[in-house]
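A.B. asks: Before I ask anything, let me first share the structure, which is written out below as structure tokens.
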Amino acid sequence: MENKLDYVGQRIPRKDGPVKVTGRAKYTVDVQLPGMLVGRILRSPHPHAKILNIDVSRAERLKGVKAIITSDDTIGVKHAFVDTPRYPADEPPIAKDRVLFVGEAVAAVAATDADVAEEALSLIKVDYEPLPAVFDVEEAMQPGAPEVHTSHPKVKEPLSNIAGKTESGWGDIKTGFAQADYVREDRFESHLRTHGYLEPQATVASYEPGGKLNVLTSSQGPFFKRAKLAQTLGLPFSRVRVHKAYVGGGFGGKIDLFYHEFCAALLSMKTGRPVKIEASREEIFTAYRHGEPLIIEIKTGVKNDGTLVAQQFRVINKSGAYRGTGVVVIFLAWGFIIGAYRVPNFKYEGYAVYTNNPPRTAQRGHGCPQMRFAVESQLDMIAEKLGIDPLEIRLKNARQAGEILPNGDNVYNCGLTECIEKAAEHTEFKKKYGQARSASPSMGSIRRGIGIGVSAYITGSLIYPNSSSTVIKMNDDGTVTLLTGALDIGQGAETILCQIVAEELKLPMEDIEVIAADTETTPVDIGSWISGNAFVTGNAVRVAGTEVREKLLSIAAEELEASLEDLVLKDKCVYVAGSPSHKLTYQQLVSLSIQKRDGDPIIGEGHWRTVRGEPYHPSLATTKGRWSDSYAFGAQVAEVEVDIETGQARLIRAVTAHDCGFPINPTLVEGQMDGQVSMALGHAFMEEVLMKEGRTLNPSWLDYRMPTIHNTAKSEVIDVITERYEIGRPYRTKEVGEGYVSGILAAIANAVYDAVGVRLYTTPFTPEKILQGLGKLK
């Protein structure tokens, strides 16, 4: 059989492009149902307080109010992103007895229109007793600090307000440091940013008289949402249906169960009418979940030639009032350290800490940008101290193909060394590095620097739902319908999955219809997070496509009296090699299958999960156990310009050499890279949510600066192909949606130093910090 690729690896236009550019795509905010009510949420004005009483009587009498709910209307079940015996669920869907942050939901209203709903909120009287609050994460850890969760099961730790702890290590850390020729200790800190999704958080819930709850919500995984809604509402999974809705951005910010989703559902159950809750942008800035700032203390020991011999980390995550994904990020963080470089002696401690700030959640890279910023910055400092080239120290310690990580994962065809070499060559790194710091004052105020950073990132992981299943069914006319739970949130999921189907069956893309992301009609899927779509769902689609192809070939071999090896699939036909006229169309083969194979219309099923054979996910406490079958690697170079008079810095050029295995669609890969460079640019120079005592000070786009087209840098992508795609065989494509925020952020930090000699230990890299650093150099 032929193995020429016609669809996979090609620059095929997006499947969902036409409906989006013509405005026909329906997002949750666009949904209008007959009799639909408007929901609004009453939120706490206090960071920490007892709820003494809630009086809704006046609001209930307001004309147009159809329902009001408080915690008394719930079944009392708490929820959490992670719910385990060690970390039991800690968040009520509506606050009960106490509020723990400004913006926590205490009641919700459903009314005939928005004005009535807003007026009803103003008529609800809540009596509070303010309690001591704590906002600084390191203050919260001190004995005697105000307790955020007074009765919650504690992690065994003398420190206060510890929501979770992860410990890991290998080798002998004391011996490792004793063997080192040079030991360095540094502290890095990242800041609070928001995701910047343009479509606001929104949910439409409609409860049918027969007891079925229908939900459309702007999310990143319908099956995860179904599980959490069913849990908190006391409904069987079969009674909750989450429908597909187009999503206007997520970046990790739409994974958890949110108050508006629960409240819309419960209000609909109470009224028997559809209810829509759409968050305002101010609500999103003040009460919803932003990314997770980390404090990173790092101690590294090296030999004089730059060989890493020991590393010790203490990482503190600012989880906020509830765990959220706080215990996940401190678990992931150690893996984002050890994936790129070999370290024989290692010790890691990660803490998730409660405060009276709003809870946090995953943001693109989920801790990897923060960790790589710290590791790569310190590595440059070590190289300078030892007189070693920044490239040399990275190449000396970089993971090689086939290495086994400390948790048992294999990096397989790791292309990190090639990525470093290609990125450096493409940018003339050695020629440019160090030039700006030796420039004479007569050259003006603008200094241009260059820096490098590397990253390693997992592709899918063992977190529910950690698998994907798909169904491919042939239609009577020879076309195909793909049923997948995968959700396209802008990354091109439906496009690449259709490319795999098209490749396996040699079928035009326009002959593939996709039914996606509906918990009642499509199989379970991992969701658009954990970077598992192309690898996990893609392999599930490939398996289903293989089954369909084998059925087509089997019937054709029998009818054409030919061996399977001599048959070729092309243009919706199967023919004998060398005899194109000796063929059967797919339409004919479907008909023959029904007639001769007990009515089988030719249906294929595919199932896949990462780390098959490992039934459970690794321990969040100890990191023991495998994570993933596939790791993506990359090296990124940034060139920045810094004005030494104003301190203003900007990214001029970003070069990414990436090992993503095999790119299913190079155009989509490049789009992901450009998006990550833009997000890293915002992280480095522009974006920051400012808070004081639990309150957001800049709750609008006017005061929260995100990159626009005027700020974008030239982004160049270099493919390092370490895998290949073969028809009918498993493949190991790698993620390209998250990890490359990390290397470029680190590269920007190192480039700023190369430009002006100012080492920055905290993000963002503001003009004030740069000018302050320049002042210390004088």
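Numbering starts fresh at 1 for the residues of each chain in the structure tokens, the chains themselves are lettered A, B, ... in the order given, and ligands are numbered from 1 as they appear.
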Please return as a compact mmCIF listing (two decimals) with C-alpha atoms, in the first residue's frame: the residues of segment 108-207 of chain A that backbone DSSP assigns to strand (DSSP E).
C.D. replies:
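Contents of states-v5.txt, freshly written:
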# COMPACT_ATOMS: atom_id res chain seq x y z
CA ALA A 108 -28.22 34.50 42.77
CA VAL A 109 -31.34 35.84 41.08
CA ALA A 110 -33.28 34.89 37.95
CA ALA A 111 -35.52 37.63 36.53
CA LYS A 125 -29.88 42.21 52.68
CA VAL A 126 -26.86 40.30 53.94
CA ASP A 127 -25.59 40.77 57.49
CA TYR A 128 -21.84 40.17 57.77
CA GLU A 129 -19.40 40.04 60.66
CA PRO A 130 -15.96 40.93 59.25
CA ILE A 162 -1.07 25.12 53.75
CA ALA A 163 -3.57 23.96 51.13
CA GLY A 164 -1.22 21.32 49.73
CA LYS A 165 2.37 20.18 49.59
CA THR A 166 4.41 18.26 47.04
CA GLU A 167 7.84 16.79 47.76
CA SER A 168 10.18 15.06 45.36
CA GLY A 169 13.81 14.22 45.00
CA TRP A 170 16.51 11.74 44.13
CA TYR A 182 30.19 26.67 42.42
CA VAL A 183 26.86 27.01 44.24
CA ARG A 184 24.36 29.79 43.64
CA GLU A 185 21.09 30.68 45.38
CA ASP A 186 18.42 33.02 43.96
CA ARG A 187 14.79 33.94 44.43
CA PHE A 188 12.37 34.71 41.59
CA GLU A 189 8.79 35.83 41.73
CA ALA A 202 -21.25 32.75 30.11
CA THR A 203 -23.68 29.88 30.67
CA VAL A 204 -27.18 29.03 29.45
CA ALA A 205 -28.95 26.32 31.45
CA SER A 206 -32.34 24.81 30.56
CA TYR A 207 -34.00 22.22 32.78
A.B. asks: Could you pull the residues within 8 Å of Phe237 of chain A, counting only C-alpha atoms, minus those fewer than 6 positions along the same chain, as a list in words?
C.D. replies: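 What passes the distance filter is Arg226, Ala227 and Ala230 of chain A.
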A.B. asks: Just checking: using only C-alpha atoms, which residue out of A:Val536, A:Thr479, A:Ile472, A:Phe313 ends up closest to Val548 of chain A?
C.D. replies: A:Ile472
A.B. asks: Tell me, as a list in words, which residues lie within 7 Å of Ser715 of chain A, counting only C-alpha atoms; anything in the same chain fewer than 5 positions away does not count.
C.D. replies: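 The residues satisfying every condition are Arg653, Ala654, Val655 and Asp674 of chain A.
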A.B. asks: Which segment 430-538 of chain A residues have any atom within 12 Å of an atom of segment 7-13 of chain A, and for each, what is the nearest pair of atoms with distance in Å to one decimal, counting only C-alpha atoms, rows sorted by chain and number, as a Markdown table?
C.D. replies:
| residue | atom | partner | partner_atom | distance |
| --- | --- | --- | --- | --- |
| A:Gly492 | CA | A:Pro13 | CA | 9.5 |
| A:Glu494 | CA | A:Pro13 | CA | 11.2 |
| A:Thr495 | CA | A:Pro13 | CA | 7.8 |
| A:Ile496 | CA | A:Val8 | CA | 7.8 |
| A:Leu497 | CA | A:Val8 | CA | 9.5 |
| A:Cys498 | CA | A:Tyr7 | CA | 9.0 |
| A:Gln499 | CA | A:Tyr7 | CA | 5.4 |
| A:Ile500 | CA | A:Val8 | CA | 6.1 |
| A:Val501 | CA | A:Tyr7 | CA | 9.0 |
| A:Ala502 | CA | A:Tyr7 | CA | 6.4 |
| A:Glu503 | CA | A:Tyr7 | CA | 5.4 |
| A:Glu504 | CA | A:Tyr7 | CA | 9.2 |
| A:Leu505 | CA | A:Tyr7 | CA | 10.3 |
| A:Lys506 | CA | A:Tyr7 | CA | 8.1 |
| A:Leu507 | CA | A:Tyr7 | CA | 9.0 |
| A:Pro508 | CA | A:Tyr7 | CA | 8.6 |
| A:Met509 | CA | A:Tyr7 | CA | 8.4 |
| A:Glu510 | CA | A:Pro13 | CA | 11.1 |
| A:Ala534 | CA | A:Val8 | CA | 11.7 |
| A:Gly538 | CA | A:Val8 | CA | 11.2 |
A.B. asks: With C-alpha atoms retained, write the just-selected residues as a compact mmCIF listing (two decimals), in the first residue's frame.
C.D. replies:
# COMPACT_ATOMS: atom_id res chain seq x y z
CA GLY A 492 -7.94 23.96 15.31
CA GLU A 494 -11.62 19.75 14.46
CA THR A 495 -9.30 20.56 11.58
CA ILE A 496 -6.43 18.31 12.61
CA LEU A 497 -8.76 15.45 13.58
CA CYS A 498 -10.39 15.64 10.15
CA GLN A 499 -6.94 15.64 8.55
CA ILE A 500 -6.17 12.36 10.32
CA VAL A 501 -9.47 10.85 9.16
CA ALA A 502 -8.83 12.10 5.63
CA GLU A 503 -5.35 10.61 5.65
CA GLU A 504 -6.38 7.23 6.97
CA LEU A 505 -9.24 6.94 4.44
CA LYS A 506 -7.85 9.09 1.60
CA LEU A 507 -11.03 11.10 1.73
CA PRO A 508 -11.48 14.81 0.91
CA MET A 509 -11.87 17.06 3.95
CA GLU A 510 -15.22 18.34 2.70
CA ALA A 534 -3.38 16.11 18.95
CA GLY A 538 -5.60 12.28 17.49
A.B. asks: Could you tell me how far atom CA of Lys347 of chain A lies from atom CA of Leu745 of chain A, in Å and to one decimal?
C.D. replies: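 Spanning atom CA of Lys347 of chain A to atom CA of Leu745 of chain A is a straight-line distance of 24.5 Å.
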A.B. asks: Counting only C-alpha atoms, figure out which residue out of A:Arg447, A:His607, A:Arg399, A:Arg281 gets nearest to Ala649 of chain A.
C.D. replies: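 Checking each of A:Arg447, A:His607, A:Arg399, A:Arg281 against Ala649 of chain A, counting only C-alpha atoms, the winner is A:Arg447.
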A.B. asks: Excluding same-chain residues fewer than 2 positions from Gly532 of chain A, what lies within 9 Å of it counting only C-alpha atoms, as a VMD selection string?
C.D. replies: chain A and resid 458 to 461 466 526 to 530 534 to 538 610 734 to 735
A.B. asks: Give me the residues near Arg724 of chain A as a PyMOL selection string, where near means some atom within 10 Å (using only C-alpha atoms) and where sequence neighbours in that chain fewer than 6 positions away do not count.
C.D. replies: chain A and resi 9+661-663+730-733
